[in-house]
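Containing mmCIF, C-alpha atoms and all ligand atoms: protein32.cif.
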```cif
data_query
#
loop_
_atom_site.label_atom_id
_atom_site.label_comp_id
_atom_site.auth_asym_id
_atom_site.auth_seq_id
_atom_site.Cartn_x
_atom_site.Cartn_y
_atom_site.Cartn_z
CA MET A 635 93.82 96.11 123.05
CA SER A 636 94.30 96.96 126.70
CA ALA A 637 91.18 97.66 128.72
CA GLY A 638 90.34 100.79 130.73
CA ARG A 639 89.20 104.24 129.74
CA ILE A 640 91.38 106.10 127.30
CA ASP A 641 92.63 109.65 127.68
CA PRO A 642 90.90 111.55 124.81
CA ALA A 643 94.12 113.56 124.36
CA THR A 644 95.81 110.37 123.10
CA LEU A 645 93.45 110.05 120.11
CA GLU A 646 94.83 111.02 116.72
CA TRP A 647 92.42 112.63 114.21
CA LEU A 648 93.12 112.09 110.52
CA GLU A 649 90.87 113.98 108.12
CA LEU A 650 90.18 112.41 104.74
CA ALA A 651 91.04 114.52 101.70
CA ALA A 652 90.45 114.06 97.99
CA PRO A 653 93.57 112.46 96.50
CA ALA A 654 95.42 114.72 94.07
CA ASP A 655 96.09 111.84 91.65
CA ALA A 656 95.92 108.07 91.39
CA PHE A 657 99.10 107.60 93.43
CA ASP A 658 98.50 110.13 96.17
CA GLU A 659 99.67 108.73 99.49
CA PRO A 660 98.79 108.80 102.30
CA ALA A 661 95.39 110.09 101.10
CA LEU A 662 94.43 106.83 99.39
CA THR A 663 95.54 104.52 102.17
CA ARG A 664 93.68 106.67 104.64
CA ILE A 665 90.47 106.22 102.64
CA HIS A 666 90.99 102.44 102.60
CA ARG A 667 91.53 102.40 106.36
CA TYR A 668 88.43 104.54 106.89
CA VAL A 669 86.35 102.14 104.78
CA ALA A 670 87.71 99.15 106.75
CA VAL A 671 86.66 100.79 110.04
CA ALA A 672 83.20 101.66 108.72
CA ASN A 673 82.64 98.14 107.43
CA ALA A 674 83.85 96.55 110.67
CA VAL A 675 81.04 98.47 112.42
CA THR A 676 78.25 97.69 109.93
CA GLN A 677 79.28 94.05 109.58
CA ALA A 678 79.24 93.60 113.37
CA PHE A 679 75.73 95.06 113.51
CA TRP A 680 74.18 93.41 110.43
CA GLY A 681 76.14 90.15 110.44
CA ASP A 682 76.98 90.45 106.74
CA ASP A 683 78.32 92.92 104.16
CA SER A 684 74.86 94.22 103.14
CA HIS A 685 75.58 97.70 104.54
CA ASP A 686 79.21 97.98 103.47
CA THR A 687 80.55 101.15 101.98
CA THR A 688 83.26 101.15 99.30
CA VAL A 689 86.38 103.16 98.52
CA GLY A 690 84.65 104.18 95.27
CA GLU A 691 81.71 105.69 97.16
CA ILE A 692 83.96 107.68 99.48
CA LEU A 693 86.19 108.81 96.60
CA ALA A 694 83.18 109.98 94.58
CA SER A 695 81.94 111.98 97.53
CA LEU A 696 85.36 113.49 98.27
CA THR A 697 85.97 114.53 94.69
CA GLY A 698 82.55 115.36 93.29
CA ASP A 699 79.94 116.25 95.90
CA GLU A 700 79.04 119.86 95.15
CA ASP A 701 75.88 119.95 97.26
CA GLU A 702 77.23 118.94 100.66
CA ASP A 703 80.22 119.95 102.73
CA THR A 704 81.24 116.65 104.30
CA ARG A 705 84.16 116.10 106.68
CA ARG A 706 85.38 112.59 107.48
CA LEU A 707 87.75 111.60 110.26
CA LEU A 708 89.69 108.42 110.83
CA VAL A 709 90.46 108.07 114.53
CA VAL A 710 93.64 106.31 115.69
CA HIS A 711 94.59 105.18 119.19
CA GLU A 712 98.04 103.80 119.95
CA GLY A 713 98.62 102.96 116.31
CA ARG A 714 95.27 101.24 115.75
CA ASP A 715 92.32 102.49 113.75
CA VAL A 716 89.51 102.60 116.32
CA ALA A 717 86.77 104.83 114.94
CA ARG A 718 85.48 106.90 112.08
CA ALA A 719 83.31 110.01 112.17
CA VAL A 720 81.40 112.15 109.69
CA ALA A 721 79.93 115.64 109.78
CA SER A 722 77.99 117.03 106.85
CA VAL A 723 76.08 120.26 106.13
CA ALA A 724 74.32 121.12 102.87
CA ARG A 725 75.99 123.94 100.92
CA GLU A 726 72.68 125.59 100.02
CA GLU A 727 72.32 129.10 101.47
CA GLY A 728 70.65 129.06 104.88
CA SER A 729 71.37 125.40 105.68
CA SER A 730 71.66 124.71 109.40
CA VAL A 731 71.34 120.95 109.89
CA GLY A 732 74.57 119.07 110.52
CA TYR A 733 74.47 115.30 110.08
CA VAL A 734 76.89 113.66 112.48
CA SER A 735 77.96 110.08 112.98
CA ALA A 736 80.51 108.43 115.27
CA TRP A 737 81.32 104.74 114.88
CA VAL A 738 83.76 102.77 117.07
CA VAL A 739 85.06 99.33 116.03
CA PRO A 740 83.68 96.60 118.33
CA ALA A 741 87.12 95.73 119.80
CA ALA A 742 87.61 99.31 121.07
CA ARG A 743 84.22 99.96 122.65
CA GLY A 744 83.40 100.77 126.25
CA ARG A 745 86.53 102.86 126.86
CA GLY A 746 85.27 106.38 126.29
CA ILE A 747 86.23 106.55 122.60
CA GLY A 748 82.63 106.91 121.39
CA ARG A 749 81.99 109.86 123.68
CA ALA A 750 85.25 111.55 122.66
CA VAL A 751 84.58 111.03 118.94
CA ALA A 752 80.97 112.24 119.22
CA THR A 753 82.11 115.38 121.02
CA ARG A 754 84.83 116.07 118.45
CA ILE A 755 82.55 115.59 115.44
CA GLU A 756 79.98 117.96 116.95
CA GLU A 757 82.67 120.65 116.96
CA VAL A 758 83.45 119.90 113.32
CA ALA A 759 79.74 120.16 112.38
CA ARG A 760 79.48 123.46 114.19
CA SER A 761 82.59 124.76 112.40
CA ILE A 762 80.93 124.17 109.00
CA GLY A 763 77.73 125.97 109.97
CA ALA A 764 75.47 123.55 111.84
CA THR A 765 73.16 124.92 114.50
CA THR A 766 71.13 121.71 114.71
CA LEU A 767 72.76 118.30 114.92
CA GLN A 768 71.10 115.15 113.64
CA ALA A 769 72.33 111.57 113.79
CA TRP A 770 70.76 108.61 112.01
CA VAL A 771 71.68 105.52 113.98
CA ASP A 772 71.12 101.79 113.39
CA HIS A 773 69.31 100.09 116.27
CA ARG A 774 67.24 96.99 116.83
CA ALA A 775 63.54 97.39 117.44
CA PRO A 776 63.11 96.66 121.17
CA ALA A 777 62.36 93.03 121.98
CA GLU A 778 59.40 92.16 124.24
CA GLY A 779 60.16 93.49 127.74
CA GLU A 780 63.46 95.07 126.69
CA GLU A 781 64.27 98.61 127.79
CA ALA A 782 63.36 100.98 124.97
CA VAL A 783 63.47 104.62 123.91
CA ALA A 784 60.23 105.83 122.32
CA ALA A 785 60.24 108.42 119.53
CA VAL A 786 59.00 111.90 120.44
CA SER A 787 56.80 111.63 117.32
CA GLY A 788 54.83 108.89 119.10
CA HIS A 789 55.60 106.42 116.33
CA GLY A 790 58.13 103.66 116.91
CA ALA A 791 60.86 102.95 119.44
CA VAL A 792 64.42 101.65 119.51
CA ALA A 793 66.26 99.34 121.92
CA ALA A 794 68.08 101.28 124.66
CA ASP A 795 71.47 100.11 123.37
CA ALA A 796 74.89 101.72 123.79
CA ALA A 797 74.31 104.21 120.96
CA ALA A 798 70.93 105.25 122.36
CA ARG A 799 72.41 105.79 125.82
CA LEU A 800 75.28 107.81 124.42
CA ALA A 801 72.90 109.97 122.34
CA LEU A 802 70.61 110.60 125.34
CA SER A 803 73.53 111.48 127.58
CA LEU A 804 74.74 114.01 124.99
CA GLY A 805 71.35 115.74 125.00
CA TYR A 806 69.86 114.31 121.80
CA ALA A 807 66.14 113.55 121.52
CA LEU A 808 64.85 110.61 119.50
CA GLU A 809 62.54 112.58 117.20
CA GLN A 810 61.73 109.92 114.62
CA VAL A 811 62.13 106.21 113.98
CA ASP A 812 62.52 104.73 110.51
CA ARG A 813 61.63 101.12 109.94
CA ILE A 814 64.43 99.37 108.05
CA SER A 815 62.90 96.68 105.84
CA VAL A 816 64.15 94.12 103.37
CA LEU A 817 62.42 92.57 100.37
CA ASP A 818 63.16 89.02 99.27
CA VAL A 819 62.94 89.77 95.56
CA GLU A 820 62.52 86.14 94.47
CA ALA A 821 59.56 85.62 96.78
CA ALA A 822 57.98 88.93 95.76
CA ARG A 823 58.40 88.46 92.01
CA ALA A 824 55.35 86.30 91.34
CA ALA A 825 52.91 88.96 92.58
CA LEU A 826 54.51 92.02 90.94
CA GLU A 827 52.72 91.83 87.56
CA GLY A 828 49.41 91.61 89.42
CA HIS A 829 50.23 94.61 91.65
CA ARG A 830 51.24 96.64 88.62
CA ALA A 831 48.11 95.74 86.65
CA ALA A 832 45.78 96.44 89.60
CA ALA A 833 47.42 99.81 90.27
CA LEU A 834 47.28 100.78 86.60
CA ALA A 835 43.58 99.86 86.47
CA ALA A 836 42.87 101.87 89.64
CA ALA A 837 44.81 104.88 88.32
CA GLY A 838 42.77 104.91 85.09
CA ASP A 839 43.48 106.44 81.68
CA ALA A 840 44.75 109.73 83.09
CA TYR A 841 48.05 108.11 84.13
CA ALA A 842 50.79 106.22 82.32
CA VAL A 843 53.91 104.58 83.72
CA ARG A 844 57.44 104.74 82.36
CA SER A 845 60.78 103.31 83.51
CA TRP A 846 64.44 103.42 82.54
CA SER A 847 67.87 102.76 83.99
CA GLY A 848 70.63 105.32 84.21
CA ARG A 849 70.17 109.07 83.87
CA THR A 850 66.82 110.75 83.39
CA PRO A 851 65.88 111.41 79.73
CA THR A 852 66.20 115.12 78.92
CA GLU A 853 62.52 115.67 78.22
CA LEU A 854 61.61 114.47 81.74
CA ALA A 855 64.40 116.16 83.69
CA GLU A 856 62.61 119.39 84.58
CA GLY A 857 59.47 117.66 85.83
CA LEU A 858 61.44 115.08 87.77
CA ALA A 859 63.69 117.70 89.35
CA ALA A 860 60.58 119.52 90.61
CA LEU A 861 59.28 116.29 92.16
CA HIS A 862 62.64 115.65 93.87
CA GLY A 863 62.37 119.13 95.38
CA ARG A 864 59.16 118.12 97.11
CA MET A 865 60.81 115.28 99.07
CA VAL A 866 62.05 117.57 101.85
CA THR A 867 58.68 119.27 102.25
CA ASP A 868 56.36 116.28 101.72
CA ALA A 869 58.05 113.34 103.47
CA PRO A 870 57.15 113.17 107.18
CA ALA A 871 59.97 114.69 109.26
CA ALA A 872 58.39 114.57 112.75
CA GLY A 873 60.25 117.10 114.93
CA LEU A 874 63.41 117.06 112.84
CA ASP A 875 64.58 120.35 111.33
CA VAL A 876 64.79 120.19 107.54
CA ASP A 877 66.88 122.45 105.31
CA ASP A 878 65.30 123.80 102.12
CA GLU A 879 66.55 122.20 98.91
CA THR A 880 66.29 123.84 95.51
CA TRP A 881 66.06 121.25 92.77
CA ASP A 882 66.55 122.18 89.14
CA VAL A 883 67.77 120.20 86.15
CA ALA A 884 71.40 120.95 86.99
CA ARG A 885 71.00 119.57 90.50
CA LEU A 886 69.26 116.44 89.25
CA GLU A 887 72.15 115.89 86.83
CA ARG A 888 74.73 116.43 89.60
CA SER A 889 72.92 113.99 91.85
CA GLU A 890 72.71 111.30 89.17
CA ARG A 891 76.35 111.81 88.16
CA GLN A 892 77.34 111.46 91.80
CA GLN A 893 75.45 108.17 92.17
CA GLU A 894 77.08 106.76 89.05
CA ALA A 895 80.53 107.89 90.14
CA SER A 896 79.91 105.99 93.41
CA GLY A 897 79.38 102.79 91.41
CA LEU A 898 75.59 102.81 91.81
CA GLU A 899 73.27 102.17 88.89
CA LEU A 900 70.03 104.15 88.90
CA VAL A 901 66.86 102.21 88.17
CA GLN A 902 63.93 104.59 87.90
CA ALA A 903 60.17 104.66 87.32
CA ILE A 904 57.67 107.50 87.07
CA ALA A 905 53.96 108.04 86.57
CA ILE A 906 52.97 110.62 83.97
CA HIS A 907 49.74 112.62 84.09
CA VAL A 908 48.61 112.05 80.50
CA PRO A 909 46.56 115.26 79.99
CA THR A 910 49.52 117.50 80.95
CA GLY A 911 52.44 115.18 80.10
CA GLU A 912 53.98 115.99 83.51
CA PRO A 913 55.70 113.44 85.79
CA VAL A 914 53.62 113.31 89.00
CA ALA A 915 55.18 110.35 90.84
CA PHE A 916 58.65 108.83 90.96
CA THR A 917 60.68 106.14 92.62
CA TRP A 918 64.25 104.97 92.18
CA ILE A 919 66.45 102.09 93.22
CA ALA A 920 70.23 102.32 93.59
CA VAL A 921 71.99 99.13 92.53
CA PRO A 922 75.58 98.62 93.75
CA ALA A 923 77.88 97.10 91.12
CA ASP A 924 79.29 94.48 93.46
CA GLY A 925 76.22 92.37 94.22
CA ARG A 926 75.26 93.90 97.57
CA PRO A 927 71.51 94.41 98.13
CA ALA A 928 69.91 97.21 96.14
CA TYR A 929 68.56 100.29 97.92
CA GLN A 930 64.98 101.38 97.45
CA GLU A 931 65.49 105.13 97.56
CA ASP A 932 62.96 108.00 97.45
CA THR A 933 59.39 107.54 96.34
CA LEU A 934 56.97 110.45 96.01
CA VAL A 935 53.52 111.07 94.60
CA HIS A 936 52.67 114.74 94.03
CA ALA A 937 50.12 115.88 96.64
CA GLU A 938 47.52 116.69 93.97
CA HIS A 939 47.72 113.19 92.53
CA ARG A 940 47.56 111.02 95.64
CA GLY A 941 44.87 108.40 96.17
CA HIS A 942 45.23 106.84 92.70
CA ARG A 943 47.61 103.99 93.63
CA LEU A 944 50.47 105.75 91.88
CA GLY A 945 52.86 104.81 94.72
CA MET A 946 52.21 101.12 94.13
CA LEU A 947 52.26 101.63 90.36
CA VAL A 948 55.75 103.14 90.19
CA LYS A 949 57.19 100.74 92.78
CA ALA A 950 55.81 97.59 91.13
CA GLU A 951 56.96 98.83 87.72
CA ASN A 952 60.44 99.55 89.04
CA LEU A 953 60.78 96.19 90.79
CA LEU A 954 59.79 94.46 87.56
CA GLN A 955 62.42 96.51 85.75
CA LEU A 956 65.01 95.60 88.39
CA GLY A 957 64.17 91.92 87.85
CA ARG A 958 64.74 92.26 84.11
CA LEU A 959 68.03 94.14 84.51
CA HIS A 960 69.42 92.33 87.55
CA PRO A 961 67.71 88.95 87.96
CA ASP A 962 70.45 87.94 90.41
CA ARG A 963 69.77 90.78 92.90
CA ALA A 964 68.15 88.89 95.77
CA ARG A 965 67.44 91.64 98.29
CA ILE A 966 66.35 95.26 98.47
CA LEU A 967 66.66 97.44 101.55
CA THR A 968 64.52 100.42 102.42
CA TRP A 969 63.92 102.96 105.18
CA ASN A 970 60.49 104.46 106.03
CA ALA A 971 59.28 106.67 108.86
CA GLU A 972 57.09 104.69 111.28
CA GLU A 973 54.35 107.30 110.88
CA ASN A 974 54.43 107.06 107.09
CA ARG A 975 51.44 104.71 106.88
CA PRO A 976 50.74 105.11 103.14
CA MET A 977 54.32 104.17 102.17
CA LEU A 978 54.58 101.36 104.73
CA ALA A 979 51.27 99.96 103.49
CA VAL A 980 52.57 99.73 99.91
CA ASN A 981 55.81 98.13 101.08
CA GLU A 982 54.03 95.61 103.30
CA VAL A 983 51.85 94.51 100.37
CA LEU A 984 54.96 94.13 98.20
CA GLY A 985 56.49 91.88 100.90
CA PHE A 986 59.03 94.09 102.69
CA VAL A 987 59.78 92.79 106.21
CA ALA A 988 61.19 94.86 109.11
CA VAL A 989 64.81 94.04 110.05
CA GLY A 990 65.81 97.03 112.16
CA ALA A 991 64.96 100.51 113.38
CA GLU A 992 66.94 103.60 112.47
CA GLY A 993 66.77 106.37 115.04
CA GLY A 994 66.59 110.01 113.95
CA TRP A 995 68.26 111.83 116.86
CA GLN A 996 68.40 115.61 117.15
CA ARG A 997 70.01 118.23 119.31
CA ARG A 998 69.56 121.96 118.67
CA LEU A 999 72.77 123.81 119.43
CA ALA A 1000 71.20 127.27 119.29
CA LEU A 1001 68.88 126.46 122.20
CA LEU A 1002 71.61 124.91 124.32
CA ASP A 1003 74.28 127.48 123.62
CA GLY A 1004 72.29 130.68 123.24
CA GLY A 1005 72.48 131.96 126.80
CA ALA A 1006 74.62 131.96 129.90
CA ALA A 1007 74.66 128.17 129.83
CA ALA A 1008 77.11 128.35 126.93
CA ALA A 1009 80.03 127.62 129.21
C1 LIG A 1101 77.71 103.93 120.25
C2 LIG A 1101 79.22 103.76 120.18
C3 LIG A 1101 79.80 104.86 119.31
C4 LIG A 1101 79.81 103.90 121.59
O1 LIG A 1101 81.22 103.81 121.49
P1 LIG A 1101 82.11 103.47 122.80
O2 LIG A 1101 83.52 103.77 122.47
O3 LIG A 1101 81.81 102.13 123.28
O4 LIG A 1101 81.50 104.57 123.77
P2 LIG A 1101 82.05 105.07 125.17
O5 LIG A 1101 82.93 104.04 125.78
O6 LIG A 1101 82.59 106.46 124.99
O7 LIG A 1101 80.71 105.16 126.01
C5 LIG A 1101 79.81 106.26 125.81
C6 LIG A 1101 78.46 105.95 126.41
O8 LIG A 1101 77.82 104.94 125.60
C7 LIG A 1101 77.02 104.11 126.45
N1 LIG A 1101 77.57 102.74 126.41
C8 LIG A 1101 78.78 102.34 125.97
N2 LIG A 1101 78.89 101.01 126.06
C9 LIG A 1101 77.73 100.56 126.54
C10 LIG A 1101 77.20 99.29 126.84
N3 LIG A 1101 77.93 98.18 126.66
N4 LIG A 1101 75.94 99.21 127.30
C11 LIG A 1101 75.19 100.31 127.48
N5 LIG A 1101 75.64 101.55 127.23
C12 LIG A 1101 76.88 101.68 126.77
C13 LIG A 1101 77.12 104.69 127.83
O9 LIG A 1101 76.10 105.65 127.98
C14 LIG A 1101 78.48 105.38 127.80
O10 LIG A 1101 78.52 106.42 128.73
P3 LIG A 1101 79.79 106.62 129.73
O11 LIG A 1101 80.77 107.45 128.95
O12 LIG A 1101 79.20 107.38 130.87
O13 LIG A 1101 80.31 105.27 130.06
C15 LIG A 1101 79.61 102.36 119.66
O14 LIG A 1101 78.91 101.39 120.38
C16 LIG A 1101 79.36 102.18 118.19
O15 LIG A 1101 80.21 102.51 117.36
N6 LIG A 1101 78.18 101.62 117.82
C17 LIG A 1101 77.82 101.43 116.41
C18 LIG A 1101 77.70 102.74 115.62
C19 LIG A 1101 76.75 103.70 116.26
O16 LIG A 1101 75.61 103.35 116.54
N7 LIG A 1101 77.20 104.95 116.50
C20 LIG A 1101 76.41 105.94 117.15
C21 LIG A 1101 76.06 107.15 116.45
S1 LIG A 1101 76.15 107.33 114.73
#
```

For the structure just supplied, provide its representation as structure tokens.
Amino acid sequence: MSAGRIDPATLEWLELAAPADAFDEPALTRIHRYVAVANAVTQAFWGDDSHDTTVGEILASLTGDEDEDTRRLLVVHEGRDVARAVASVAREEGSSVGYVSAWVVPAARGRGIGRAVATRIEEVARSIGATTLQAWVDHRAPAEGEEAVAAVSGHGAVAADAAARLALSLGYALEQVDRISVLDVEAARAALEGHRAAALAAAGDAYAVRSWSGRTPTELAEGLAALHGRMVTDAPAAGLDVDDETWDVARLERSERQQEASGLELVQAIAIHVPTGEPVAFTWIAVPADGRPAYQEDTLVHAEHRGHRLGMLVKAENLLQLGRLHPDRARILTWNAEENRPMLAVNEVLGFVAVGAEGGWQRRLALLDGGAAAA
């Protein structure tokens, strides 16, 4: 690829669409090309395929995601696929946060493509209702003496890499930093029974633990849906705007169906408050079919039931279940806010080790564009 800055007008923007049938071209090829671009970016950053996406995941989102309006662009320059971008806004009434992402393949960087793609995807986010833009970006934690950007929250920092410089120059603030950690499941296994037993003893007779794989049993769905609804209000968000989410049984079912359609198996554990029979804590792991690392997804203990080791209880139980169901799954990845001490403490005891820092960047459009400065 020739060097020098590109003229943004020479970029071609191809939006992904749900294929009409199994032979719909060019829709299908476009999805494959998009996935290849995305994986070129994550593989360059992580050095392996641990953060790959799949055609199945993109297809499931294009055809079945009823809760989010997501637009995906494949960006072409002089016949080559050079970037991919995403903008997404929740469909729930009153939603205002647009999640944006702009990724340029390593061979095409440093020529102004990232800036052009970021600018374009902001317009797309705005067109589907965003008044606040947020971008979650993979970074390294800053090395000793390396230039860094500190989170506004006061917790954590990221290396001042190309993505950080681009975000700053576009007016984004680094509101929050998530620690990205990995668990070596084999090394952790020996201690899990002990962690589970100690947590169960600390929790006492008022709590019981239960686990399953796949969809939530009907009798637990209502209680679990209510707990899911608390994630947006209870998880630390620092200065990031958060849209309300209404969770009922139908939404829980949609969410689980969506995960399965993406090729992810759900591995779940909950704690039940015995006197009421209600679920009061949950955690779940998403297991990709193709052998990639599993994802430790949300964990939550209801505010009225904290301080009883229920976080450790459900996590240890679920990791034991994962070991029984997928003894070959060697690694689990997770993301936790740097200020989320209680959750980090549980993960550190389990053996999770930091491997990166994800930056939660935010720019409020309403503030920037509300007055005469709009031009
Ligand atoms: C961040 C990224 C999109 C930049 O893409 P790019 O095509 O190289 O970006 P541009 O050439 O338009 O440069 C944009 C700005 O990024 C920064 N930048 C780019 N290359 C850089 C480098 N090698 N060192 C430091 N800063 C750099 C500069 O601030 C630059 O500003 P300029 O336009 O005044 O030169 C690209 O590196 C990438 O895809 N990284 C991985 C995915 C990612 O983190 N995306 C970001 C948001 S989701």

Practice prompt. Write as a PyMOL selection string the residues around ligand LIG 1101 (chain A), taking 6 Å as the cut-off and counting only C-alpha atoms and all ligand atoms.
Written response: chain A and resi 675+735-739+743-749+769+771-772+795-797+799-800

Taking all atoms listed in the file into account, produce a table as JSON lines in which each residue of segment 842-943 of chain A with an atom at most 7 Å from an atom of segment 957-972 of chain A appears once, together with its shortest atom pair and the distance in Å to one decimal, ordered by chain and rising number.
```
{"residue": "A:Gly925", "atom": "CA", "partner": "A:Arg963", "partner_atom": "CA", "distance": 6.8}
{"residue": "A:Pro927", "atom": "CA", "partner": "A:Arg965", "partner_atom": "CA", "distance": 4.9}
{"residue": "A:Ala928", "atom": "CA", "partner": "A:Ile966", "partner_atom": "CA", "distance": 4.7}
{"residue": "A:Tyr929", "atom": "CA", "partner": "A:Leu967", "partner_atom": "CA", "distance": 5.0}
{"residue": "A:Gln930", "atom": "CA", "partner": "A:Thr968", "partner_atom": "CA", "distance": 5.1}
{"residue": "A:Glu931", "atom": "CA", "partner": "A:Thr968", "partner_atom": "CA", "distance": 6.8}
```

Give me a file of those residues, with C-alpha atoms, as a PDB file, in the coordinates of the input.
```
ATOM      1  CA  GLY A 925      76.220  92.370  94.220  1.00  0.00           C
ATOM      2  CA  PRO A 927      71.510  94.410  98.130  1.00  0.00           C
ATOM      3  CA  ALA A 928      69.910  97.210  96.140  1.00  0.00           C
ATOM      4  CA  TYR A 929      68.560 100.290  97.920  1.00  0.00           C
ATOM      5  CA  GLN A 930      64.980 101.380  97.450  1.00  0.00           C
ATOM      6  CA  GLU A 931      65.490 105.130  97.560  1.00  0.00           C
TER       7      GLU A 931
END
```

Worksheet entry | Expected answer as a VMD selection string: all residues with atoms within 12 Å of (57.0, 115.7, 107.5), only C-alpha atoms | chain A and resid 787 809 to 810 864 to 876 970 to 974

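Excluding Pro642 of chain A itself and same-chain residues fewer than 3 positions from it, the residues having an atom within 12 Å of it are Arg639, Leu645, Glu646, Trp647, Val709, Val710, His711, Glu712, Arg745, Gly746, Ile747, Gly748, Arg749, Ala750, Val751, Ala752, Thr753 and Arg754 of chain A, counting all atoms listed in the file.
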
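Of the residues listed (A:Leu650, A:Val716, A:Leu662, A:Phe986), A:Phe986 shows the shortest atom-to-atom separation from Asp818 of chain A; distances use only C-alpha atoms.
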
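Straight-line separation from atom CA of Gly941 of chain A to atom CA of Ala785 of chain A: 28.0 Å.
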
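We find atom CA of Leu817 of chain A and atom CA of Asn981 of chain A to be spaced 8.7 Å apart.
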
Item to complete: For atom CA of Tyr668 of chain A and atom CA of Gly993 of chain A, determine how far apart the two atoms are, in Å to one decimal place.
Response: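 Taking atom CA of Tyr668 of chain A as the start and atom CA of Gly993 of chain A as the end point, the length is 23.2 Å.
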
Give one line per residue of segment 709-806 of chain A that approaches segment 879-891 of chain A to at most 12 Å, naming the two atoms of the closest pair and their distance in Å to one decimal, counting only C-alpha atoms; sort by chain then ascending residue number and deliver it as JSON lines.
```
{"residue": "A:Ala724", "atom": "CA", "partner": "A:Glu879", "partner_atom": "CA", "distance": 8.8}
{"residue": "A:Arg725", "atom": "CA", "partner": "A:Glu879", "partner_atom": "CA", "distance": 9.8}
{"residue": "A:Glu726", "atom": "CA", "partner": "A:Glu879", "partner_atom": "CA", "distance": 7.1}
{"residue": "A:Glu727", "atom": "CA", "partner": "A:Glu879", "partner_atom": "CA", "distance": 9.4}
{"residue": "A:Gly728", "atom": "CA", "partner": "A:Glu879", "partner_atom": "CA", "distance": 10.0}
{"residue": "A:Ser729", "atom": "CA", "partner": "A:Glu879", "partner_atom": "CA", "distance": 8.9}
{"residue": "A:Ser730", "atom": "CA", "partner": "A:Glu879", "partner_atom": "CA", "distance": 11.9}
```

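Of the residues under consideration (A:Arg830, A:Arg823, A:His907, A:Arg849), A:Arg830 shows the shortest atom-to-atom contact distance to Met946 of chain A when counting all atoms listed in the file.
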
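Nearest residue to Leu802 of chain A among A:Ala656, A:Gln996, A:His666, A:Leu648 is A:Gln996, counting all atoms listed in the file.
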
Discussion item. From the options A:Thr663, A:Thr704, A:Thr688, A:Asn952, which residue's atoms come nearest to Ala895 of chain A, counting all atoms listed in the file?
Written reply: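 Using all atoms listed in the file, Ala895 of chain A sits closest to A:Thr688.
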
Worksheet item: Given the choices A:Pro976, A:Pro913, A:Pro776, A:Gly788, which gets closest to Leu808 of chain A if the distance is worked out from only C-alpha atoms?
Response: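 Checking each candidate against Leu808 of chain A, we get A:Gly788 as the closest.
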
Worksheet entry | Nearest to Glu856 of chain A, chosen from A:Leu693, A:Glu780, A:Glu659, A:Gly911, with all atoms listed in the file counted in the distances |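 The answer is A:Gly911, which sits nearest to Glu856 of chain A.
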
Discussion item. I'd like the neighbourhood of Val669 of chain A as a list in words, where a residue qualifies if any of its atoms comes within 9 Å (using only C-alpha atoms), though same-chain residues fewer than 6 positions away should be ignored.
Written reply: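 Non-adjacent residues within range: Asp686, Thr687, Thr688, Val689, Ile692 and Arg718 of chain A.
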
Discussion item. I want to know what sits within 9 Å of Leu826 of chain A, based on all atoms listed in the file, with residues of the same chain fewer than 5 positions away left out; could you give that as a list of chain:residue names?
Written reply: A:Ala831, A:Ala950, A:Glu951, A:Leu953, A:Leu954, A:Leu984

Worksheet entry | Near-Ile755 of chain A list (7 Å; only C-alpha atoms; drop same-chain fewer than 6 positions) as an MDAnalysis selection string | chainID A and resid 719:721 734

Since the input has fewer atoms than a full residue there, write segment 917-923 of chain A out with N, CA, C and O atoms, as a PDB file, in the coordinates of the input.
```pdb
ATOM      1  N   THR A 917      59.976 106.980  91.654  1.00  0.00           N
ATOM      2  CA  THR A 917      60.680 106.140  92.620  1.00  0.00           C
ATOM      3  C   THR A 917      61.988 105.734  91.967  1.00  0.00           C
ATOM      4  O   THR A 917      62.088 105.684  90.742  1.00  0.00           O
ATOM      5  N   TRP A 918      63.001 105.484  92.777  1.00  0.00           N
ATOM      6  CA  TRP A 918      64.250 104.970  92.180  1.00  0.00           C
ATOM      7  C   TRP A 918      64.951 104.013  93.125  1.00  0.00           C
ATOM      8  O   TRP A 918      64.807 104.087  94.355  1.00  0.00           O
ATOM      9  N   ILE A 919      65.670 103.104  92.498  1.00  0.00           N
ATOM     10  CA  ILE A 919      66.450 102.090  93.220  1.00  0.00           C
ATOM     11  C   ILE A 919      67.905 102.286  92.839  1.00  0.00           C
ATOM     12  O   ILE A 919      68.212 102.516  91.662  1.00  0.00           O
ATOM     13  N   ALA A 920      68.787 102.243  93.849  1.00  0.00           N
ATOM     14  CA  ALA A 920      70.230 102.320  93.590  1.00  0.00           C
ATOM     15  C   ALA A 920      70.781 100.901  93.668  1.00  0.00           C
ATOM     16  O   ALA A 920      70.569 100.201  94.654  1.00  0.00           O
ATOM     17  N   VAL A 921      71.490 100.504  92.600  1.00  0.00           N
ATOM     18  CA  VAL A 921      71.990  99.130  92.530  1.00  0.00           C
ATOM     19  C   VAL A 921      73.521  99.144  92.577  1.00  0.00           C
ATOM     20  O   VAL A 921      74.161  99.593  91.624  1.00  0.00           O
ATOM     21  N   PRO A 922      74.122  98.661  93.678  1.00  0.00           N
ATOM     22  CA  PRO A 922      75.580  98.620  93.750  1.00  0.00           C
ATOM     23  C   PRO A 922      76.141  97.618  92.733  1.00  0.00           C
ATOM     24  O   PRO A 922      75.531  96.579  92.484  1.00  0.00           O
ATOM     25  N   ALA A 923      77.305  97.952  92.166  1.00  0.00           N
ATOM     26  CA  ALA A 923      77.880  97.100  91.120  1.00  0.00           C
ATOM     27  C   ALA A 923      78.302  95.739  91.666  1.00  0.00           C
ATOM     28  O   ALA A 923      78.325  94.758  90.934  1.00  0.00           O
TER      29      ALA A 923
END
```
